[in-house]
>>> print(open('final-v1.pdb').read())   # PDB, C-alpha atoms
ATOM      1  CA  MET A   1      18.995 122.174  52.309
ATOM      2  CA  SER A   2      15.642 121.250  50.846
ATOM      3  CA  ARG A   3      14.384 122.951  47.695
ATOM      4  CA  ARG A   4      10.803 124.059  47.233
ATOM      5  CA  LEU A   5       8.983 122.120  44.549
ATOM      6  CA  PRO A   6       7.024 123.951  41.832
ATOM      7  CA  SER A   7       3.444 124.741  42.768
ATOM      8  CA  ILE A   8       0.782 122.540  41.176
ATOM      9  CA  ASN A   9      -1.296 125.687  40.591
ATOM     10  CA  CYS A  10       1.408 127.374  38.514
ATOM     11  CA  ARG A  11       0.501 127.256  34.818
ATOM     12  CA  ASN A  12       4.154 127.321  33.800
ATOM     13  CA  ASP A  13       4.612 123.865  35.327
ATOM     14  CA  ARG A  14       1.916 122.198  33.225
ATOM     15  CA  ILE A  15       1.972 120.560  29.817
ATOM     16  CA  ILE A  16      -0.965 120.197  27.436
ATOM     17  CA  ILE A  17      -0.755 117.128  25.208
ATOM     18  CA  THR A  18      -2.310 117.767  21.808
ATOM     19  CA  LEU A  19      -3.171 114.627  19.840
ATOM     20  CA  PHE A  20      -3.204 115.021  16.069
ATOM     21  CA  ALA A  21      -5.524 112.071  15.582
ATOM     22  CA  THR A  22      -9.063 111.000  16.289
ATOM     23  CA  GLY A  23      -9.954 109.124  19.440
ATOM     24  CA  SER A  24     -10.449 109.805  23.117
ATOM     25  CA  PRO A  25      -8.032 112.361  24.637
ATOM     26  CA  VAL A  26      -8.027 110.336  27.874
ATOM     27  CA  ALA A  27      -5.278 107.732  28.277
ATOM     28  CA  TYR A  28      -6.553 104.192  28.883
ATOM     29  CA  ALA A  29      -3.190 102.862  30.113
ATOM     30  CA  ALA A  30      -0.364 104.632  31.922
ATOM     31  CA  ALA A  31       2.762 104.037  33.993
ATOM     32  CA  SER A  32       5.244 106.250  35.813
ATOM     33  CA  TRP A  33       8.726 106.101  37.331
ATOM     34  CA  CYS A  34      10.955 108.438  39.331
ATOM     35  CA  THR A  35      14.630 108.114  38.436
ATOM     36  CA  GLU A  36      17.614 108.548  40.730
ATOM     37  CA  HIS A  37      18.335 111.815  38.896
ATOM     38  CA  GLN A  38      15.099 113.372  40.216
ATOM     39  CA  GLU A  39      13.262 112.984  36.927
ATOM     40  CA  ALA A  40       9.654 111.824  36.716
ATOM     41  CA  VAL A  41       8.844 109.672  33.668
ATOM     42  CA  PHE A  42       5.251 109.192  32.499
ATOM     43  CA  VAL A  43       4.080 106.948  29.636
ATOM     44  CA  LEU A  44       0.486 107.215  28.413
ATOM     45  CA  ALA A  45      -1.316 105.120  25.791
ATOM     46  CA  PHE A  46      -4.275 106.531  23.862
ATOM     47  CA  SER A  47      -6.966 104.879  21.763
ATOM     48  CA  SER A  48      -5.500 106.587  18.685
ATOM     49  CA  SER A  49      -2.482 104.206  18.991
ATOM     50  CA  ILE A  50      -0.285 107.078  20.182
ATOM     51  CA  ILE A  51       2.071 106.278  23.070
ATOM     52  CA  SER A  52       3.213 109.515  24.707
ATOM     53  CA  LEU A  53       6.355 109.946  26.790
ATOM     54  CA  VAL A  54       6.498 112.836  29.265
ATOM     55  CA  ARG A  55       9.668 113.579  31.245
ATOM     56  CA  MET A  56       9.634 116.169  34.036
ATOM     57  CA  ASP A  57      12.524 117.522  36.068
ATOM     58  CA  ILE A  58      11.152 117.389  39.616
ATOM     59  CA  LEU A  59      13.319 120.261  40.902
ATOM     60  CA  THR A  60      12.867 122.757  38.073
ATOM     61  CA  GLY A  61       9.473 121.674  36.744
ATOM     62  CA  SER A  62      10.690 121.668  33.123
ATOM     63  CA  VAL A  63       8.833 119.177  30.928
ATOM     64  CA  GLN A  64       9.798 117.346  27.739
ATOM     65  CA  TYR A  65       7.247 115.535  25.552
ATOM     66  CA  CYS A  66       7.624 113.097  22.663
ATOM     67  CA  GLU A  67       5.990 109.998  21.207
ATOM     68  CA  LEU A  68       7.419 106.498  21.288
ATOM     69  CA  LYS A  69       8.258 105.449  17.756
ATOM     70  CA  GLN A  70       6.344 102.577  16.212
ATOM     71  CA  GLU A  71       7.690  99.995  13.774
ATOM     72  CA  SER A  72       5.961 101.803  10.904
ATOM     73  CA  VAL A  73       8.074 104.243   8.902
ATOM     74  CA  VAL A  74       5.050 105.994   7.372
ATOM     75  CA  PRO A  75       5.225 109.706   8.276
ATOM     76  CA  ARG A  76       2.420 111.043  10.472
ATOM     77  CA  PHE A  77       1.072 113.403   7.761
ATOM     78  CA  LEU A  78       0.748 110.441   5.358
ATOM     79  CA  SER A  79      -0.771 107.987   7.824
ATOM     80  CA  GLY A  80      -4.334 109.194   7.230
ATOM     81  CA  LEU A  81      -3.932 108.905   3.458
ATOM     82  CA  ALA A  82      -2.474 105.408   3.763
ATOM     83  CA  THR A  83      -5.345 104.385   6.035
ATOM     84  CA  ALA A  84      -7.895 105.511   3.441
ATOM     85  CA  PHE A  85      -6.419 103.081   0.900
ATOM     86  CA  ARG A  86      -5.883 100.036   3.105
ATOM     87  CA  GLY A  87      -8.768 100.493   5.559
ATOM     88  CA  ARG A  88      -8.669 100.876   9.331
ATOM     89  CA  PRO A  89      -5.352  99.836  10.901
ATOM     90  CA  SER A  90      -5.341  96.396  12.487
ATOM     91  CA  GLU A  91      -6.081  96.381  16.215
ATOM     92  CA  THR A  92      -3.708  93.475  16.818
ATOM     93  CA  LYS A  93      -0.938  95.827  17.950
ATOM     94  CA  ASP A  94      -3.056  97.817  20.405
ATOM     95  CA  LEU A  95      -1.355  98.181  23.760
ATOM     96  CA  MET A  96      -3.216  96.466  26.587
ATOM     97  CA  CYS A  97      -1.021  97.169  29.626
ATOM     98  CA  LEU A  98       2.456  98.454  30.401
ATOM     99  CA  THR A  99       5.076  98.950  33.092
ATOM    100  CA  LEU A 100       8.363 100.829  33.440
ATOM    101  CA  HIS A 101      11.715  99.580  34.710
ATOM    102  CA  PRO A 102      15.118 101.272  35.064
ATOM    103  CA  TYR A 103      18.081  99.722  33.291
ATOM    104  CA  ARG A 104      21.499 101.319  33.739
ATOM    105  CA  SER A 105      21.047 105.000  32.845
ATOM    106  CA  ASP A 106      17.821 104.382  30.912
ATOM    107  CA  VAL A 107      14.167 103.672  31.710
ATOM    108  CA  GLN A 108      12.534 100.980  29.602
ATOM    109  CA  VAL A 109       8.872 100.623  28.681
ATOM    110  CA  PHE A 110       7.462  97.086  28.656
ATOM    111  CA  ALA A 111       4.145  96.994  26.796
ATOM    112  CA  LEU A 112       1.976  93.922  26.276
ATOM    113  CA  CYS A 113       0.012  94.253  23.038
ATOM    114  CA  ARG A 114      -3.129  92.615  21.714
ATOM    115  CA  ASP A 115      -1.249  90.679  19.045
ATOM    116  CA  GLY A 116       0.466  88.681  21.804
ATOM    117  CA  TYR A 117       3.855  90.411  21.671
ATOM    118  CA  MET A 118       5.812  92.253  24.330
ATOM    119  CA  ARG A 119       7.308  95.457  22.955
ATOM    120  CA  VAL A 120      10.125  97.246  24.760
ATOM    121  CA  TRP A 121      11.044 100.901  24.211
ATOM    122  CA  SER A 122      13.893 103.041  25.457
ATOM    123  CA  CYS A 123      12.829 106.288  27.116
ATOM    124  CA  SER A 124      16.206 107.846  26.306
ATOM    125  CA  THR A 125      15.923 107.373  22.538
ATOM    126  CA  SER A 126      12.135 106.758  22.133
ATOM    127  CA  GLN A 127      13.129 103.847  19.898
ATOM    128  CA  ILE A 128      11.737 100.339  20.108
ATOM    129  CA  LEU A 129      14.321  97.874  21.428
ATOM    130  CA  SER A 130      12.715  94.470  21.005
ATOM    131  CA  ILE A 131       9.562  92.553  20.102
ATOM    132  CA  THR A 132       9.064  89.209  21.853
ATOM    133  CA  GLU A 133       6.170  86.786  21.427
ATOM    134  CA  ILE A 134       4.412  86.215  24.749
ATOM    135  CA  PHE A 135       1.177  84.499  23.714
ATOM    136  CA  GLY A 136       1.575  81.446  21.526
ATOM    137  CA  SER A 137      -0.938  80.343  18.930
ATOM    138  CA  GLN A 138      -2.910  78.529  21.627
ATOM    139  CA  GLU A 139      -3.436  81.639  23.754
ATOM    140  CA  GLN A 140      -4.232  83.819  20.738
ATOM    141  CA  ASN A 141      -7.082  81.512  19.789
ATOM    142  CA  TYR A 142      -8.848  82.304  23.080
ATOM    143  CA  SER A 143     -11.142  85.264  23.539
ATOM    144  CA  ILE A 144      -9.108  87.482  25.890
ATOM    145  CA  HIS A 145     -11.218  89.316  28.467
ATOM    146  CA  ASN A 146      -8.564  90.799  30.723
ATOM    147  CA  VAL A 147      -4.776  91.114  30.826
ATOM    148  CA  GLN A 148      -2.573  92.539  33.581
ATOM    149  CA  LEU A 149       1.187  93.043  33.664
ATOM    150  CA  LYS A 150       3.210  93.290  36.891
ATOM    151  CA  LYS A 151       6.938  93.244  37.584
ATOM    152  CA  THR A 152       9.321  92.333  40.377
ATOM    153  CA  THR A 153      13.049  91.839  40.855
ATOM    154  CA  VAL A 154      14.630  88.921  42.669
ATOM    155  CA  SER A 155      17.704  88.973  44.894
ATOM    156  CA  ASP A 156      20.217  88.838  42.038
ATOM    157  CA  GLY A 157      18.592  91.789  40.250
ATOM    158  CA  VAL A 158      16.838  89.709  37.595
ATOM    159  CA  LEU A 159      13.635  91.284  36.315
ATOM    160  CA  LEU A 160      10.556  89.040  36.340
ATOM    161  CA  LEU A 161       7.287  89.871  34.608
ATOM    162  CA  CYS A 162       3.984  88.354  35.653
ATOM    163  CA  VAL A 163       1.239  88.296  33.026
ATOM    164  CA  TYR A 164      -2.311  87.616  34.155
ATOM    165  CA  LEU A 165      -4.384  86.309  31.260
ATOM    166  CA  GLN A 166      -8.148  85.907  31.602
ATOM    167  CA  CYS A 167      -9.939  84.158  28.748
ATOM    168  CA  GLN A 168     -13.496  83.010  28.263
ATOM    169  CA  SER A 169     -12.728  79.443  29.303
ATOM    170  CA  ARG A 170      -9.796  79.834  31.714
ATOM    171  CA  SER A 171      -7.338  82.194  33.359
ATOM    172  CA  GLU A 172      -3.671  81.846  34.243
ATOM    173  CA  PHE A 173      -0.485  83.533  35.436
ATOM    174  CA  GLN A 174       2.582  83.490  33.206
ATOM    175  CA  ILE A 175       6.017  84.166  34.687
ATOM    176  CA  HIS A 176       8.651  85.567  32.308
ATOM    177  CA  ARG A 177      12.309  86.354  32.916
ATOM    178  CA  VAL A 178      13.786  89.383  31.143
ATOM    179  CA  VAL A 179      17.264  88.771  29.735
ATOM    180  CA  GLN A 180      19.198  91.919  28.849
ATOM    181  CA  GLY A 181      21.922  91.378  26.258
ATOM    182  CA  SER A 182      24.420  93.797  24.792
ATOM    183  CA  ASP A 183      22.158  94.469  21.810
ATOM    184  CA  SER A 184      18.961  92.540  22.545
ATOM    185  CA  ILE A 185      16.217  91.977  25.121
ATOM    186  CA  ARG A 186      14.404  88.671  25.490
ATOM    187  CA  CYS A 187      11.462  87.535  27.604
ATOM    188  CA  ILE A 188      11.737  83.851  28.515
ATOM    189  CA  ARG A 189       8.701  82.087  29.938
ATOM    190  CA  LEU A 190       9.616  80.272  33.142
ATOM    191  CA  GLY A 191       6.241  78.722  33.846
ATOM    192  CA  THR A 192       2.465  78.973  33.752
ATOM    193  CA  LEU A 193       0.207  78.751  36.803
ATOM    194  CA  PRO A 194      -3.554  78.251  36.448
ATOM    195  CA  THR A 195      -5.655  80.434  38.714
ATOM    196  CA  PRO A 196      -7.797  78.722  41.373
ATOM    197  CA  ASP A 197     -11.397  77.989  40.479
ATOM    198  CA  VAL A 198     -13.167  80.297  42.916
ATOM    199  CA  SER A 199     -16.633  78.921  42.068
ATOM    200  CA  LYS A 200     -15.657  75.422  43.161
ATOM    201  CA  GLN A 201     -14.143  76.759  46.393
ATOM    202  CA  LEU A 202     -17.348  78.614  47.190
ATOM    203  CA  GLN A 203     -19.353  75.433  46.676
ATOM    204  CA  LEU A 204     -17.190  73.666  49.247
TER     205      LEU A 204
END
>>> encode(input="final-v1.pdb", output="structure tokens")
Amino acid sequence: MSRRLPSINCRNDRIIITLFATGSPVAYAAASWCTEHQEAVFVLAFSSSIISLVRMDILTGSVQYCELKQESVVPRFLSGLATAFRGRPSETKDLMCLTLHPYRSDVQVFALCRDGYMRVWSCSTSQILSITEIFGSQEQNYSIHNVQLKKTTVSDGVLLLCVYLQCQSRSEFQIHRVVQGSDSIRCIRLGTLPTPDVSKQLQL
């Protein structure tokens, strides 16, 4: 027997995210996933460096909201005071793109950041699980214009991440394999593929 889903026009089934920081209230990066337990998971990144996690029970419409915890242990009410003394926070950790993937009973957030590291969070605990360097010193020296992150799984269930990196002088695809350990997560680069030079093809 099918169950009627909550109406989108019902105000009780909505959540208003209030950001206690400056910056645009519109998320510039987002990802979503529907679990086997009929739960919708949404992750949204804002220019204020806040990464919001929204979990909604599809059948009841109940919503839970929290923020993914950063490496910093400075409390939120002290962050503005600390910023005044040390200047504007570095933009090297800004999230550029993200994707979600289920792992056992959890959903994990894979976020590629401007400092060249892949950060992985657990949606169950909101805690960061690992930080892996994706861009070496050579890539970080380039002026990055565009970055995209896509995922796929192969026949044996191994998770592969494809990173598209567009720089001023070149662009490429990086293929990474995600290795899940008992207490660690690693991203191992399998190879790098340069993108075709479209301008030369058009000349032909």
>>> resolve_selection(input="final-v1.pdb", expression="the PyMOL selection byres ((chain A and resi 124) around 12)", output="number ranges by chain")
A: 41, 53-55, 64-69, 102-109, 121-123, 125-129
>>> closest_residue(input="final-v1.pdb", among="A:Met96, A:Leu193, A:Ile134, A:Leu165", to="Arg177 in chain A", atoms="all atoms listed in the file")
A:Ile134
>>> residues_around(input="final-v1.pdb", residues="Tyr117 in chain A", least_positions_apart="3", cutoff="9 Å", atoms="only C-alpha atoms", output="compact mmCIF listing (two decimals) with C-alpha atoms, keeping the file's coordinate frame")
# COMPACT_ATOMS: atom_id res chain seq x y z
CA LYS A 93 -0.94 95.83 17.95
CA ALA A 111 4.14 96.99 26.80
CA LEU A 112 1.98 93.92 26.28
CA CYS A 113 0.01 94.25 23.04
CA ARG A 114 -3.13 92.62 21.71
CA ILE A 131 9.56 92.55 20.10
CA THR A 132 9.06 89.21 21.85
CA GLU A 133 6.17 86.79 21.43
CA ILE A 134 4.41 86.22 24.75
CA PHE A 135 1.18 84.50 23.71
>>> atom_distance(input="final-v1.pdb", atom1="CA of Leu95 in chain A", atom2="CA of Ala45 in chain A")
7.2 Å
>>> atom_distance(input="final-v1.pdb", atom1="CA of Ser182 in chain A", atom2="CA of Val43 in chain A")
24.7 Å
>>> resolve_selection(input="final-v1.pdb", expression="the PyMOL selection byres ((chain A and resi 179) around 12)", output="JSON, numbers by chain")
{"A": [103, 130, 132, 157, 158, 159, 160, 161, 176, 177, 178, 180, 181, 182, 183, 184, 185, 186, 187, 188, 189, 190]}
>>> write_last_selection(input="final-v1.pdb", atoms="C-alpha atoms", output="PDB file, in the frame of the given file")
ATOM      1  CA  TYR A 103      18.081  99.722  33.291  1.00  0.00           C
ATOM      2  CA  SER A 130      12.715  94.470  21.005  1.00  0.00           C
ATOM      3  CA  THR A 132       9.064  89.209  21.853  1.00  0.00           C
ATOM      4  CA  GLY A 157      18.592  91.789  40.250  1.00  0.00           C
ATOM      5  CA  VAL A 158      16.838  89.709  37.595  1.00  0.00           C
ATOM      6  CA  LEU A 159      13.635  91.284  36.315  1.00  0.00           C
ATOM      7  CA  LEU A 160      10.556  89.040  36.340  1.00  0.00           C
ATOM      8  CA  LEU A 161       7.287  89.871  34.608  1.00  0.00           C
ATOM      9  CA  HIS A 176       8.651  85.567  32.308  1.00  0.00           C
ATOM     10  CA  ARG A 177      12.309  86.354  32.916  1.00  0.00           C
ATOM     11  CA  VAL A 178      13.786  89.383  31.143  1.00  0.00           C
ATOM     12  CA  GLN A 180      19.198  91.919  28.849  1.00  0.00           C
ATOM     13  CA  GLY A 181      21.922  91.378  26.258  1.00  0.00           C
ATOM     14  CA  SER A 182      24.420  93.797  24.792  1.00  0.00           C
ATOM     15  CA  ASP A 183      22.158  94.469  21.810  1.00  0.00           C
ATOM     16  CA  SER A 184      18.961  92.540  22.545  1.00  0.00           C
ATOM     17  CA  ILE A 185      16.217  91.977  25.121  1.00  0.00           C
ATOM     18  CA  ARG A 186      14.404  88.671  25.490  1.00  0.00           C
ATOM     19  CA  CYS A 187      11.462  87.535  27.604  1.00  0.00           C
ATOM     20  CA  ILE A 188      11.737  83.851  28.515  1.00  0.00           C
ATOM     21  CA  ARG A 189       8.701  82.087  29.938  1.00  0.00           C
ATOM     22  CA  LEU A 190       9.616  80.272  33.142  1.00  0.00           C
TER      23      LEU A 190
END
>>> closest_residue(input="final-v1.pdb", among="A:Ser47, A:Thr35, A:Gln166, A:Gln174", to="His145 in chain A", atoms="only C-alpha atoms")
A:Gln166
>>> atom_distance(input="final-v1.pdb", atom1="CA of Lys151 in chain A", atom2="CA of Ala30 in chain A")
14.7 Å
>>> closest_residue(input="final-v1.pdb", among="A:Phe110, A:Val147, A:Ser155, A:Ser48", to="Leu98 in chain A", atoms="all atoms listed in the file")
A:Phe110
>>> resolve_selection(input="final-v1.pdb", expression="the PyMOL selection byres ((chain A and resi 38) around 9)", output="PDB file with C-alpha atoms, in the coordinates of the input")
ATOM      1  CA  CYS A  34      10.955 108.438  39.331  1.00  0.00           C
ATOM      2  CA  THR A  35      14.630 108.114  38.436  1.00  0.00           C
ATOM      3  CA  GLU A  36      17.614 108.548  40.730  1.00  0.00           C
ATOM      4  CA  HIS A  37      18.335 111.815  38.896  1.00  0.00           C
ATOM      5  CA  GLU A  39      13.262 112.984  36.927  1.00  0.00           C
ATOM      6  CA  ALA A  40       9.654 111.824  36.716  1.00  0.00           C
ATOM      7  CA  MET A  56       9.634 116.169  34.036  1.00  0.00           C
ATOM      8  CA  ASP A  57      12.524 117.522  36.068  1.00  0.00           C
ATOM      9  CA  ILE A  58      11.152 117.389  39.616  1.00  0.00           C
ATOM     10  CA  LEU A  59      13.319 120.261  40.902  1.00  0.00           C
TER      11      LEU A  59
END
>>> closest_residue(input="final-v1.pdb", among="A:Arg170, A:Pro194, A:His101, A:Gly136", to="Asp115 in chain A", atoms="only C-alpha atoms")
A:Gly136
>>> build_atoms(input="final-v1.pdb", residues="range 172-196 of chain A", atoms="N, CA, C and O atoms", output="mmCIF file, in the frame of the given file")
data_model
loop_
_atom_site.group_PDB
_atom_site.id
_atom_site.type_symbol
_atom_site.label_atom_id
_atom_site.label_comp_id
_atom_site.auth_asym_id
_atom_site.auth_seq_id
_atom_site.Cartn_x
_atom_site.Cartn_y
_atom_site.Cartn_z
ATOM 1 N N GLU A 172 -4.969 82.365 33.819
ATOM 2 C CA GLU A 172 -3.671 81.846 34.243
ATOM 3 C C GLU A 172 -2.701 82.980 34.520
ATOM 4 O O GLU A 172 -2.915 84.130 34.119
ATOM 5 N N PHE A 173 -1.609 82.635 35.226
ATOM 6 C CA PHE A 173 -0.485 83.533 35.436
ATOM 7 C C PHE A 173 0.712 82.987 34.667
ATOM 8 O O PHE A 173 1.042 81.811 34.780
ATOM 9 N N GLN A 174 1.358 83.860 33.917
ATOM 10 C CA GLN A 174 2.582 83.490 33.206
ATOM 11 C C GLN A 174 3.748 84.250 33.817
ATOM 12 O O GLN A 174 3.673 85.471 33.994
ATOM 13 N N ILE A 175 4.832 83.554 34.120
ATOM 14 C CA ILE A 175 6.017 84.166 34.687
ATOM 15 C C ILE A 175 7.104 84.194 33.620
ATOM 16 O O ILE A 175 7.461 83.157 33.055
ATOM 17 N N HIS A 176 7.626 85.387 33.334
ATOM 18 C CA HIS A 176 8.651 85.567 32.308
ATOM 19 C C HIS A 176 9.886 86.212 32.925
ATOM 20 O O HIS A 176 9.775 87.117 33.762
ATOM 21 N N ARG A 177 11.042 85.762 32.496
ATOM 22 C CA ARG A 177 12.309 86.354 32.916
ATOM 23 C C ARG A 177 12.839 87.230 31.786
ATOM 24 O O ARG A 177 12.899 86.803 30.628
ATOM 25 N N VAL A 178 13.249 88.452 32.131
ATOM 26 C CA VAL A 178 13.786 89.383 31.143
ATOM 27 C C VAL A 178 15.306 89.241 31.104
ATOM 28 O O VAL A 178 15.976 89.380 32.132
ATOM 29 N N VAL A 179 15.829 88.940 29.926
ATOM 30 C CA VAL A 179 17.264 88.771 29.735
ATOM 31 C C VAL A 179 17.774 89.943 28.912
ATOM 32 O O VAL A 179 17.382 90.126 27.753
ATOM 33 N N GLN A 180 18.638 90.748 29.512
ATOM 34 C CA GLN A 180 19.198 91.919 28.849
ATOM 35 C C GLN A 180 20.546 91.555 28.251
ATOM 36 O O GLN A 180 21.486 91.219 28.971
ATOM 37 N N GLY A 181 20.655 91.616 26.928
ATOM 38 C CA GLY A 181 21.922 91.378 26.258
ATOM 39 C C GLY A 181 22.573 92.685 25.860
ATOM 40 O O GLY A 181 22.050 93.777 26.124
ATOM 41 N N SER A 182 23.724 92.583 25.217
ATOM 42 C CA SER A 182 24.420 93.797 24.792
ATOM 43 C C SER A 182 23.649 94.555 23.717
ATOM 44 O O SER A 182 23.689 95.777 23.652
ATOM 45 N N ASP A 183 22.917 93.818 22.878
ATOM 46 C CA ASP A 183 22.158 94.469 21.810
ATOM 47 C C ASP A 183 20.774 93.858 21.638
ATOM 48 O O ASP A 183 20.172 93.993 20.573
ATOM 49 N N SER A 184 20.270 93.175 22.672
ATOM 50 C CA SER A 184 18.961 92.540 22.545
ATOM 51 C C SER A 184 18.317 92.380 23.922
ATOM 52 O O SER A 184 19.000 92.395 24.948
ATOM 53 N N ILE A 185 16.996 92.244 23.911
ATOM 54 C CA ILE A 185 16.217 91.977 25.121
ATOM 55 C C ILE A 185 15.282 90.818 24.811
ATOM 56 O O ILE A 185 14.583 90.828 23.802
ATOM 57 N N ARG A 186 15.275 89.827 25.693
ATOM 58 C CA ARG A 186 14.404 88.671 25.490
ATOM 59 C C ARG A 186 13.561 88.439 26.738
ATOM 60 O O ARG A 186 13.999 88.708 27.850
ATOM 61 N N CYS A 187 12.347 87.947 26.511
ATOM 62 C CA CYS A 187 11.462 87.535 27.604
ATOM 63 C C CYS A 187 11.286 86.027 27.509
ATOM 64 O O CYS A 187 10.715 85.517 26.532
ATOM 65 N N ILE A 188 11.774 85.308 28.512
ATOM 66 C CA ILE A 188 11.737 83.851 28.515
ATOM 67 C C ILE A 188 10.689 83.377 29.512
ATOM 68 O O ILE A 188 10.743 83.737 30.694
ATOM 69 N N ARG A 189 9.741 82.584 29.039
ATOM 70 C CA ARG A 189 8.701 82.087 29.938
ATOM 71 C C ARG A 189 9.274 81.005 30.849
ATOM 72 O O ARG A 189 9.803 80.002 30.392
ATOM 73 N N LEU A 190 9.132 81.235 32.157
ATOM 74 C CA LEU A 190 9.616 80.272 33.142
ATOM 75 C C LEU A 190 8.557 79.245 33.522
ATOM 76 O O LEU A 190 8.884 78.116 33.879
ATOM 77 N N GLY A 191 7.299 79.649 33.470
ATOM 78 C CA GLY A 191 6.241 78.722 33.846
ATOM 79 C C GLY A 191 4.880 79.368 33.734
ATOM 80 O O GLY A 191 4.750 80.589 33.563
ATOM 81 N N THR A 192 3.855 78.533 33.825
ATOM 82 C CA THR A 192 2.465 78.973 33.752
ATOM 83 C C THR A 192 1.701 78.368 34.921
ATOM 84 O O THR A 192 1.786 77.161 35.161
ATOM 85 N N LEU A 193 0.970 79.201 35.641
ATOM 86 C CA LEU A 193 0.207 78.751 36.803
ATOM 87 C C LEU A 193 -1.268 79.031 36.566
ATOM 88 O O LEU A 193 -1.656 80.192 36.368
ATOM 89 N N PRO A 194 -2.109 78.009 36.581
ATOM 90 C CA PRO A 194 -3.554 78.251 36.448
ATOM 91 C C PRO A 194 -4.098 78.894 37.714
ATOM 92 O O PRO A 194 -3.639 78.610 38.824
ATOM 93 N N THR A 195 -5.054 79.785 37.552
ATOM 94 C CA THR A 195 -5.655 80.434 38.714
ATOM 95 C C THR A 195 -6.656 79.482 39.368
ATOM 96 O O THR A 195 -7.253 78.626 38.705
ATOM 97 N N PRO A 196 -6.838 79.599 40.684
ATOM 98 C CA PRO A 196 -7.797 78.722 41.373
ATOM 99 C C PRO A 196 -9.213 78.952 40.880
ATOM 100 O O PRO A 196 -9.592 80.071 40.521
#
